[in-house]
file protein.pdb (PDB, C-alpha atoms and all ligand atoms)
ATOM      1  CA  MET A 282      -3.372   4.279 -33.139
ATOM      2  CA  LEU A 283      -2.494   0.851 -34.519
ATOM      3  CA  GLY A 284      -5.990   0.567 -35.977
ATOM      4  CA  LEU A 285      -6.936  -1.898 -33.275
ATOM      5  CA  SER A 286     -10.359  -3.363 -32.972
ATOM      6  CA  PRO A 287     -11.577  -3.739 -29.379
ATOM      7  CA  SER A 288     -11.309  -7.520 -29.658
ATOM      8  CA  ALA A 289      -7.722  -7.580 -30.994
ATOM      9  CA  GLN A 290      -5.258  -9.746 -29.113
ATOM     10  CA  VAL A 291      -2.328  -7.680 -27.942
ATOM     11  CA  GLN A 292       0.951  -8.502 -26.216
ATOM     12  CA  LEU A 293       2.971  -5.799 -24.525
ATOM     13  CA  ARG A 294       6.503  -5.409 -23.196
ATOM     14  CA  GLU A 295       7.777  -2.296 -21.521
ATOM     15  CA  PHE A 296      11.202  -0.771 -22.270
ATOM     16  CA  PHE A 297      11.930   2.572 -20.580
ATOM     17  CA  ASN A 298       9.607   5.079 -22.280
ATOM     18  CA  VAL A 299       8.435   2.860 -25.049
ATOM     19  CA  ILE A 300       6.326  -0.237 -25.170
ATOM     20  CA  TRP A 301       6.766  -3.161 -27.469
ATOM     21  CA  VAL A 302       3.399  -4.136 -28.879
ATOM     22  CA  TRP A 303       2.507  -7.265 -30.704
ATOM     23  CA  VAL A 304      -0.959  -7.416 -32.181
ATOM     24  CA  LYS A 305      -2.067 -10.778 -33.498
ATOM     25  CA  GLY A 306      -1.789 -10.757 -37.282
ATOM     26  CA  GLN A 307       0.497  -7.688 -37.433
ATOM     27  CA  ARG A 308       4.223  -6.996 -37.179
ATOM     28  CA  PRO A 309       5.431  -6.079 -33.680
ATOM     29  CA  THR A 310       5.943  -2.368 -33.196
ATOM     30  CA  PHE A 311       7.148   0.140 -30.611
ATOM     31  CA  ILE A 312       4.987   2.984 -29.354
ATOM     32  CA  SER A 313       5.479   5.590 -26.657
ATOM     33  CA  LYS A 314       3.849   5.207 -23.278
ATOM     34  CA  ALA A 315       1.904   8.413 -23.892
ATOM     35  CA  GLU A 316       0.394   6.994 -27.085
ATOM     36  CA  MET A 317      -0.372   3.770 -25.307
ATOM     37  CA  LYS A 318      -2.235   5.565 -22.580
ATOM     38  CA  SER A 319      -4.378   7.622 -24.900
ATOM     39  CA  HIS A 320      -5.248   4.581 -26.970
ATOM     40  CA  PHE A 321      -6.381   2.628 -23.948
ATOM     41  CA  VAL A 322      -8.353   5.548 -22.559
ATOM     42  CA  GLU A 323     -10.475   5.531 -25.729
ATOM     43  CA  HIS A 324     -10.621   1.750 -25.695
ATOM     44  CA  ARG A 325     -11.833   1.619 -22.085
ATOM     45  CA  LYS A 326     -14.366   4.390 -22.604
ATOM     46  CA  ALA A 327     -15.823   2.440 -25.526
ATOM     47  CA  GLN A 328     -16.071  -0.683 -23.365
ATOM     48  CA  ALA A 329     -17.621   1.303 -20.507
ATOM     49  CA  GLU A 330     -20.679   2.014 -22.644
ATOM     50  CA  ASP A 331     -21.908  -1.566 -22.224
ATOM     51  CA  LEU A 332     -21.667  -1.579 -18.431
ATOM     52  CA  GLU A 333     -24.456  -1.085 -15.914
ATOM     53  CA  VAL A 334     -23.765   1.191 -12.981
ATOM     54  CA  THR A 335     -25.565   0.779  -9.652
ATOM     55  CA  ASP A 336     -25.216   3.605  -7.207
ATOM     56  CA  TRP A 337     -25.230   2.272  -3.640
ATOM     57  CA  LEU A 338     -23.219   4.390  -1.221
ATOM     58  CA  ARG A 339     -22.255   8.017  -0.748
ATOM     59  CA  ASP A 340     -19.272   9.596   0.923
ATOM     60  CA  PRO A 341     -17.215   8.445  -0.810
ATOM     61  CA  PRO A 342     -19.521   7.526  -3.700
ATOM     62  CA  ARG A 343     -19.340   3.840  -4.485
ATOM     63  CA  PHE A 344     -20.799   1.944  -7.378
ATOM     64  CA  THR A 345     -21.237  -1.593  -8.487
ATOM     65  CA  VAL A 346     -20.368  -1.779 -12.156
ATOM     66  CA  ALA A 347     -21.642  -4.878 -13.893
ATOM     67  CA  ASN A 348     -21.229  -6.288 -17.342
ATOM     68  CA  PRO A 349     -24.584  -7.877 -18.251
ATOM     69  CA  GLU A 350     -22.922  -9.965 -20.974
ATOM     70  CA  THR A 351     -20.316 -11.677 -18.808
ATOM     71  CA  GLY A 352     -21.979 -11.310 -15.409
ATOM     72  CA  SER A 353     -18.824  -9.720 -13.955
ATOM     73  CA  ARG A 354     -19.212  -7.151 -11.185
ATOM     74  CA  HIS A 355     -16.713  -4.712  -9.763
ATOM     75  CA  LEU A 356     -16.730  -2.230  -6.933
ATOM     76  CA  VAL A 357     -15.727   1.287  -7.940
ATOM     77  CA  THR A 358     -14.987   3.982  -5.340
ATOM     78  CA  CYS A 359     -14.760   7.614  -6.456
ATOM     79  CA  LEU A 360     -12.148   9.390  -4.325
ATOM     80  CA  PRO A 361     -11.321  13.073  -4.916
ATOM     81  CA  ASP A 362      -8.113  12.350  -6.823
ATOM     82  CA  ARG A 363      -8.771   8.924  -8.307
ATOM     83  CA  VAL A 364     -11.369   6.362  -9.196
ATOM     84  CA  VAL A 365     -10.449   3.046  -7.616
ATOM     85  CA  CYS A 366     -11.664  -0.325  -8.830
ATOM     86  CA  ASP A 367     -11.101  -3.857  -7.608
ATOM     87  CA  CYS A 368     -10.520  -5.308 -11.094
ATOM     88  CA  GLU A 369      -7.216  -6.549 -12.496
ATOM     89  CA  ASP A 370      -7.031  -3.885 -15.176
ATOM     90  CA  TYR A 371      -7.032  -1.123 -12.572
ATOM     91  CA  HIS A 372      -4.326  -2.809 -10.508
ATOM     92  CA  TRP A 373      -2.255  -3.379 -13.632
ATOM     93  CA  GLN A 374      -2.470   0.306 -14.563
ATOM     94  CA  ILE A 375      -1.440   1.429 -11.067
ATOM     95  CA  GLU A 376       1.522  -0.917 -11.240
ATOM     96  CA  PHE A 377       2.469   0.193 -14.723
ATOM     97  CA  PHE A 378       1.717   3.937 -14.794
ATOM     98  CA  GLY A 379       1.285   4.752 -11.105
ATOM     99  CA  LYS A 380      -2.250   5.935 -11.901
ATOM    100  CA  GLY A 381      -5.116   4.884 -14.067
ATOM    101  CA  CYS A 382      -8.776   4.381 -14.695
ATOM    102  CA  CYS A 383     -10.419   1.186 -15.904
ATOM    103  CA  LYS A 384     -13.598   0.792 -17.932
ATOM    104  CA  HIS A 385     -15.592   0.364 -14.706
ATOM    105  CA  GLY A 386     -14.187   3.687 -13.493
ATOM    106  CA  TYR A 387     -15.144   5.345 -16.780
ATOM    107  CA  ALA A 388     -18.644   3.887 -16.506
ATOM    108  CA  ALA A 389     -18.977   5.377 -12.995
ATOM    109  CA  LEU A 390     -17.615   8.726 -14.219
ATOM    110  CA  ALA A 391     -20.073   8.743 -17.117
ATOM    111  CA  TYR A 392     -22.855   7.989 -14.629
ATOM    112  CA  LEU A 393     -21.758  11.034 -12.617
ATOM    113  CA  GLY A 394     -21.719  13.132 -15.791
ATOM    114  CA  TYR A 395     -17.967  13.290 -16.398
ATOM    115  CA  ASP A 396     -16.362  12.699 -19.742
ATOM    116  CA  SER A 397     -12.849  12.075 -18.422
ATOM    117  CA  LEU A 398     -10.899  11.355 -15.258
ATOM    118  CA  HIS A 399      -9.181  14.702 -15.710
ATOM    119  CA  GLU A 400     -12.500  16.535 -15.686
ATOM    120  CA  TYR A 401     -13.538  14.688 -12.530
ATOM    121  CA  GLN A 402     -10.246  15.429 -10.770
ATOM    122  CA  ASP A 403     -10.453  19.114 -11.722
ATOM    123  CA  ASP A 404     -13.847  19.301 -10.072
ATOM    124  CA  HIS A 405     -12.769  17.500  -6.900
ATOM    125  CA  ARG A 406      -9.214  18.628  -6.222
ATOM    126  CA  PRO A 407      -8.685  20.743  -3.110
ATOM    127  CA  LEU A 408      -8.279  24.432  -3.877
ATOM    128  CA  LYS A 409      -4.788  25.899  -3.797
ATOM    129  CA  PRO A 410      -4.281  28.659  -1.187
ATOM    130  CA  GLU A 411      -4.247  31.435  -3.802
ATOM    131  CA  GLU A 412      -7.504  30.197  -5.324
ATOM    132  CA  ARG A 413      -9.095  30.007  -1.909
ATOM    133  CA  SER A 414      -8.293  33.625  -1.052
ATOM    134  CA  GLY A 415      -9.454  34.643  -4.538
ATOM    135  CA  ARG A 416     -12.773  32.991  -3.920
ATOM    136  CA  LEU A 417     -13.173  34.602  -0.527
ATOM    137  CA  GLU A 418     -12.709  38.076  -1.962
ATOM    138  CA  HIS A 419     -15.116  37.229  -4.678
ATOM    139  CA  SER A 420     -17.747  35.721  -2.407
ATOM    140  CA  GLY A 421     -18.183  39.076  -0.627
ATOM    141  CA  GLN A 422     -19.588  40.474  -3.857
ATOM    142  CA  GLN A 423     -21.956  37.627  -4.587
ATOM    143  CA  LEU A 424     -25.673  38.082  -4.304
ATOM    144  CA  ALA A 425     -27.421  36.037  -1.675
ATOM    145  CA  LEU A 426     -29.135  33.079  -3.269
ATOM    146  CA  PRO A 427     -32.750  32.436  -2.377
ATOM    147  CA  VAL A 428     -33.042  29.562   0.098
ATOM    148  CA  SER A 429     -34.842  26.706  -1.558
ATOM    149  CA  GLY A 430     -37.927  25.507   0.241
ATOM    150  CA  ALA A 431     -38.508  28.849   1.965
ATOM    151  CA  ALA A 432     -41.495  29.662  -0.233
TER     152      ALA A 432
HETATM  153 ZN    ZN A 501     -12.303  -1.962 -13.062
END
call {"tool": "encode", "arguments": {"input": "protein.pdb", "output": "structure tokens"}}
result
Amino acid sequence: MLGLSPSAQVQLREFFNVIWVWVKGQRPTFISKAEMKSHFVEHRKAQAEDLEVTDWLRDPPRFTVANPETGSRHLVTCLPDRVVCDCEDYHWQIEFFGKGCCKHGYAALAYLGYDSLHEYQDDHRPLKPEERSGRLEHSGQQLALPVSGAA
């Protein structure tokens, strides 16, 4: 979308379901919010690759995500339904879309082995009642797993 390089300067204005975008050196254009989101997801994932993740607390898992180039550090907390960060980008996304994930969040997700926020949420969401009963029925037929450390 837009053929943006990660360093491009961009100005944005929101109008209902579309966003006015002005990229330095190009004509202003309108794009849908959905397009905007998917562009920035890719953009943030690309930026996340340069970040260093330090794992320091469990329950909920928390990480310090640092950018070695700029020296910036942010605290990322992985909750079951979202990945919260203390940076401005995260707060801006919450304000704008009501949900979001910043590059620090993506770095923490990558550290945990997830490729997307969606994948993480799918793994951590509480089971719906029908799924729970389905699992119970199923669990009666499962073989007992060997207890590790018993041997
Ligand atoms: Zn962040």
call {"tool": "residues_near_ligand", "arguments": {"input": "protein.pdb", "ligand": "ligand ZN 501 (chain A)", "cutoff": "8 Å", "atoms": "all atoms listed in the file", "output": "VMD selection string"}}
result
chain A and resid 355 to 357 365 to 371 382 to 386
call {"tool": "write_last_selection", "arguments": {"input": "protein.pdb", "atoms": "C-alpha atoms", "output": "mmCIF file, keeping the file's coordinate frame"}}
result
data_model
loop_
_atom_site.group_PDB
_atom_site.id
_atom_site.type_symbol
_atom_site.label_atom_id
_atom_site.label_comp_id
_atom_site.auth_asym_id
_atom_site.auth_seq_id
_atom_site.Cartn_x
_atom_site.Cartn_y
_atom_site.Cartn_z
ATOM 1 C CA HIS A 355 -16.713 -4.712 -9.763
ATOM 2 C CA LEU A 356 -16.730 -2.230 -6.933
ATOM 3 C CA VAL A 357 -15.727 1.287 -7.940
ATOM 4 C CA VAL A 365 -10.449 3.046 -7.616
ATOM 5 C CA CYS A 366 -11.664 -0.325 -8.830
ATOM 6 C CA ASP A 367 -11.101 -3.857 -7.608
ATOM 7 C CA CYS A 368 -10.520 -5.308 -11.094
ATOM 8 C CA GLU A 369 -7.216 -6.549 -12.496
ATOM 9 C CA ASP A 370 -7.031 -3.885 -15.176
ATOM 10 C CA TYR A 371 -7.032 -1.123 -12.572
ATOM 11 C CA CYS A 382 -8.776 4.381 -14.695
ATOM 12 C CA CYS A 383 -10.419 1.186 -15.904
ATOM 13 C CA LYS A 384 -13.598 0.792 -17.932
ATOM 14 C CA HIS A 385 -15.592 0.364 -14.706
ATOM 15 C CA GLY A 386 -14.187 3.687 -13.493
#
call {"tool": "residues_near_point", "arguments": {"input": "protein.pdb", "point": "(-3.7, -0.2, -30.0)", "cutoff": "9 Å", "atoms": "all atoms listed in the file", "output": "PyMOL selection string"}}
result
chain A and resi 282-287+289+291+302+304+316-317+320-321+324
call {"tool": "closest_residue", "arguments": {"input": "protein.pdb", "among": "A:Lys318, A:Arg325, A:His372, A:Arg343", "to": "Val299 of chain A", "atoms": "all atoms listed in the file"}}
result
A:Lys318
call {"tool": "atom_distance", "arguments": {"input": "protein.pdb", "atom1": "atom CA of Gln292 of chain A", "atom2": "atom CA of Lys314 of chain A"}}
result
14.3 Å
call {"tool": "resolve_selection", "arguments": {"input": "protein.pdb", "expression": "the PyMOL selection byres (((chain A and resi 350) around 12) and not hetatm)", "output": "VMD selection string"}}
result
chain A and resid 328 331 to 333 347 to 349 351 to 354
call {"tool": "write_last_selection", "arguments": {"input": "protein.pdb", "atoms": "C-alpha atoms", "output": "mmCIF file, in the coordinates of the input"}}
result
data_model
loop_
_atom_site.group_PDB
_atom_site.id
_atom_site.type_symbol
_atom_site.label_atom_id
_atom_site.label_comp_id
_atom_site.auth_asym_id
_atom_site.auth_seq_id
_atom_site.Cartn_x
_atom_site.Cartn_y
_atom_site.Cartn_z
ATOM 1 C CA GLN A 328 -16.071 -0.683 -23.365
ATOM 2 C CA ASP A 331 -21.908 -1.566 -22.224
ATOM 3 C CA LEU A 332 -21.667 -1.579 -18.431
ATOM 4 C CA GLU A 333 -24.456 -1.085 -15.914
ATOM 5 C CA ALA A 347 -21.642 -4.878 -13.893
ATOM 6 C CA ASN A 348 -21.229 -6.288 -17.342
ATOM 7 C CA PRO A 349 -24.584 -7.877 -18.251
ATOM 8 C CA THR A 351 -20.316 -11.677 -18.808
ATOM 9 C CA GLY A 352 -21.979 -11.310 -15.409
ATOM 10 C CA SER A 353 -18.824 -9.720 -13.955
ATOM 11 C CA ARG A 354 -19.212 -7.151 -11.185
#
call {"tool": "residues_near_point", "arguments": {"input": "protein.pdb", "point": "(-25.7, 0.9, -10.3)", "cutoff": "7 Å", "atoms": "only C-alpha atoms", "output": "mmCIF file with C-alpha atoms, in the coordinates of the input"}}
result
data_model
loop_
_atom_site.group_PDB
_atom_site.id
_atom_site.type_symbol
_atom_site.label_atom_id
_atom_site.label_comp_id
_atom_site.auth_asym_id
_atom_site.auth_seq_id
_atom_site.Cartn_x
_atom_site.Cartn_y
_atom_site.Cartn_z
ATOM 1 C CA GLU A 333 -24.456 -1.085 -15.914
ATOM 2 C CA VAL A 334 -23.765 1.191 -12.981
ATOM 3 C CA THR A 335 -25.565 0.779 -9.652
ATOM 4 C CA ASP A 336 -25.216 3.605 -7.207
ATOM 5 C CA TRP A 337 -25.230 2.272 -3.640
ATOM 6 C CA PHE A 344 -20.799 1.944 -7.378
ATOM 7 C CA THR A 345 -21.237 -1.593 -8.487
ATOM 8 C CA VAL A 346 -20.368 -1.779 -12.156
#
call {"tool": "closest_atom_pairs", "arguments": {"input": "protein.pdb", "of": "segment 316-365 of chain A", "to": "segment 396-411 of chain A", "cutoff": "10 Å", "atoms": "all atoms listed in the file", "output": "CSV"}}
result
residue,atom,partner,partner_atom,distance
A:Val322,CA,A:Ser397,CA,8.9
A:Lys326,CA,A:Ser397,CA,8.9
A:Cys359,CA,A:Tyr401,CA,9.4
A:Leu360,CA,A:His405,CA,8.5
A:Pro361,CA,A:His405,CA,5.1
A:Asp362,CA,A:Gln402,CA,5.4
A:Arg363,CA,A:Gln402,CA,7.1
A:Val364,CA,A:Leu398,CA,7.9
call {"tool": "atom_distance", "arguments": {"input": "protein.pdb", "atom1": "atom CA of Asp340 of chain A", "atom2": "atom CA of Leu390 of chain A"}}
result
15.3 Å
call {"tool": "atom_distance", "arguments": {"input": "protein.pdb", "atom1": "atom CA of Pro309 of chain A", "atom2": "atom CA of Gly381 of chain A"}}
result
24.8 Å
call {"tool": "build_atoms", "arguments": {"input": "protein.pdb", "residues": "segment 365-395 of chain A", "atoms": "N, CA and C atoms", "output": "compact mmCIF listing (two decimals), in the coordinates of the input"}}
result
# COMPACT_ATOMS: atom_id res chain seq x y z
N VAL A 365 -11.05 4.34 -7.93
CA VAL A 365 -10.45 3.05 -7.62
C VAL A 365 -11.41 1.92 -7.97
N CYS A 366 -10.84 0.84 -8.50
CA CYS A 366 -11.66 -0.32 -8.83
C CYS A 366 -10.96 -1.57 -8.32
N ASP A 367 -11.72 -2.62 -8.10
CA ASP A 367 -11.10 -3.86 -7.61
C ASP A 367 -10.76 -4.84 -8.74
N CYS A 368 -10.82 -4.38 -9.99
CA CYS A 368 -10.52 -5.31 -11.09
C CYS A 368 -9.01 -5.38 -11.38
N GLU A 369 -8.63 -6.35 -12.15
CA GLU A 369 -7.22 -6.55 -12.50
C GLU A 369 -6.67 -5.42 -13.36
N ASP A 370 -7.48 -4.95 -14.27
CA ASP A 370 -7.03 -3.88 -15.18
C ASP A 370 -6.60 -2.65 -14.38
N TYR A 371 -7.39 -2.30 -13.38
CA TYR A 371 -7.03 -1.12 -12.57
C TYR A 371 -5.70 -1.36 -11.86
N HIS A 372 -5.57 -2.51 -11.23
CA HIS A 372 -4.33 -2.81 -10.51
C HIS A 372 -3.12 -2.82 -11.44
N TRP A 373 -3.32 -3.33 -12.63
CA TRP A 373 -2.26 -3.38 -13.63
C TRP A 373 -1.82 -1.96 -14.01
N GLN A 374 -2.79 -1.09 -14.19
CA GLN A 374 -2.47 0.31 -14.56
C GLN A 374 -1.72 1.02 -13.45
N ILE A 375 -2.11 0.79 -12.21
CA ILE A 375 -1.44 1.43 -11.07
C ILE A 375 0.01 0.95 -11.02
N GLU A 376 0.19 -0.34 -11.24
CA GLU A 376 1.52 -0.92 -11.24
C GLU A 376 2.38 -0.32 -12.35
N PHE A 377 1.76 -0.18 -13.52
CA PHE A 377 2.47 0.19 -14.72
C PHE A 377 2.69 1.70 -14.85
N PHE A 378 1.65 2.48 -14.60
CA PHE A 378 1.72 3.94 -14.79
C PHE A 378 1.71 4.71 -13.48
N GLY A 379 1.39 4.05 -12.38
CA GLY A 379 1.28 4.75 -11.10
C GLY A 379 -0.07 5.43 -10.93
N LYS A 380 -0.88 5.42 -11.98
CA LYS A 380 -2.25 5.94 -11.90
C LYS A 380 -3.04 5.30 -13.03
N GLY A 381 -4.34 5.49 -12.99
CA GLY A 381 -5.12 4.88 -14.07
C GLY A 381 -6.60 4.95 -13.82
N CYS A 382 -7.32 4.46 -14.81
CA CYS A 382 -8.78 4.38 -14.70
C CYS A 382 -9.23 3.26 -15.62
N CYS A 383 -9.97 2.32 -15.10
CA CYS A 383 -10.42 1.19 -15.90
C CYS A 383 -11.79 1.49 -16.50
N LYS A 384 -12.30 0.56 -17.29
CA LYS A 384 -13.60 0.79 -17.93
C LYS A 384 -14.71 0.93 -16.90
N HIS A 385 -14.57 0.24 -15.76
CA HIS A 385 -15.59 0.36 -14.71
C HIS A 385 -15.58 1.78 -14.13
N GLY A 386 -14.34 2.31 -13.96
CA GLY A 386 -14.19 3.69 -13.49
C GLY A 386 -14.81 4.67 -14.47
N TYR A 387 -14.57 4.45 -15.77
CA TYR A 387 -15.14 5.34 -16.78
C TYR A 387 -16.67 5.25 -16.79
N ALA A 388 -17.19 4.05 -16.55
CA ALA A 388 -18.64 3.89 -16.51
C ALA A 388 -19.21 4.68 -15.33
N ALA A 389 -18.52 4.62 -14.17
CA ALA A 389 -18.98 5.38 -13.00
C ALA A 389 -18.87 6.88 -13.26
N LEU A 390 -17.79 7.30 -13.90
CA LEU A 390 -17.61 8.73 -14.22
C LEU A 390 -18.71 9.21 -15.17
N ALA A 391 -19.02 8.38 -16.16
CA ALA A 391 -20.07 8.74 -17.12
C ALA A 391 -21.41 8.86 -16.38
N TYR A 392 -21.63 7.96 -15.44
CA TYR A 392 -22.86 7.99 -14.63
C TYR A 392 -22.95 9.31 -13.85
N LEU A 393 -21.81 9.78 -13.37
CA LEU A 393 -21.76 11.03 -12.62
C LEU A 393 -21.76 12.26 -13.53
N GLY A 394 -21.68 12.03 -14.84
CA GLY A 394 -21.72 13.13 -15.79
C GLY A 394 -20.36 13.65 -16.22
N TYR A 395 -19.30 12.86 -15.98
CA TYR A 395 -17.97 13.29 -16.40
C TYR A 395 -17.53 12.53 -17.64
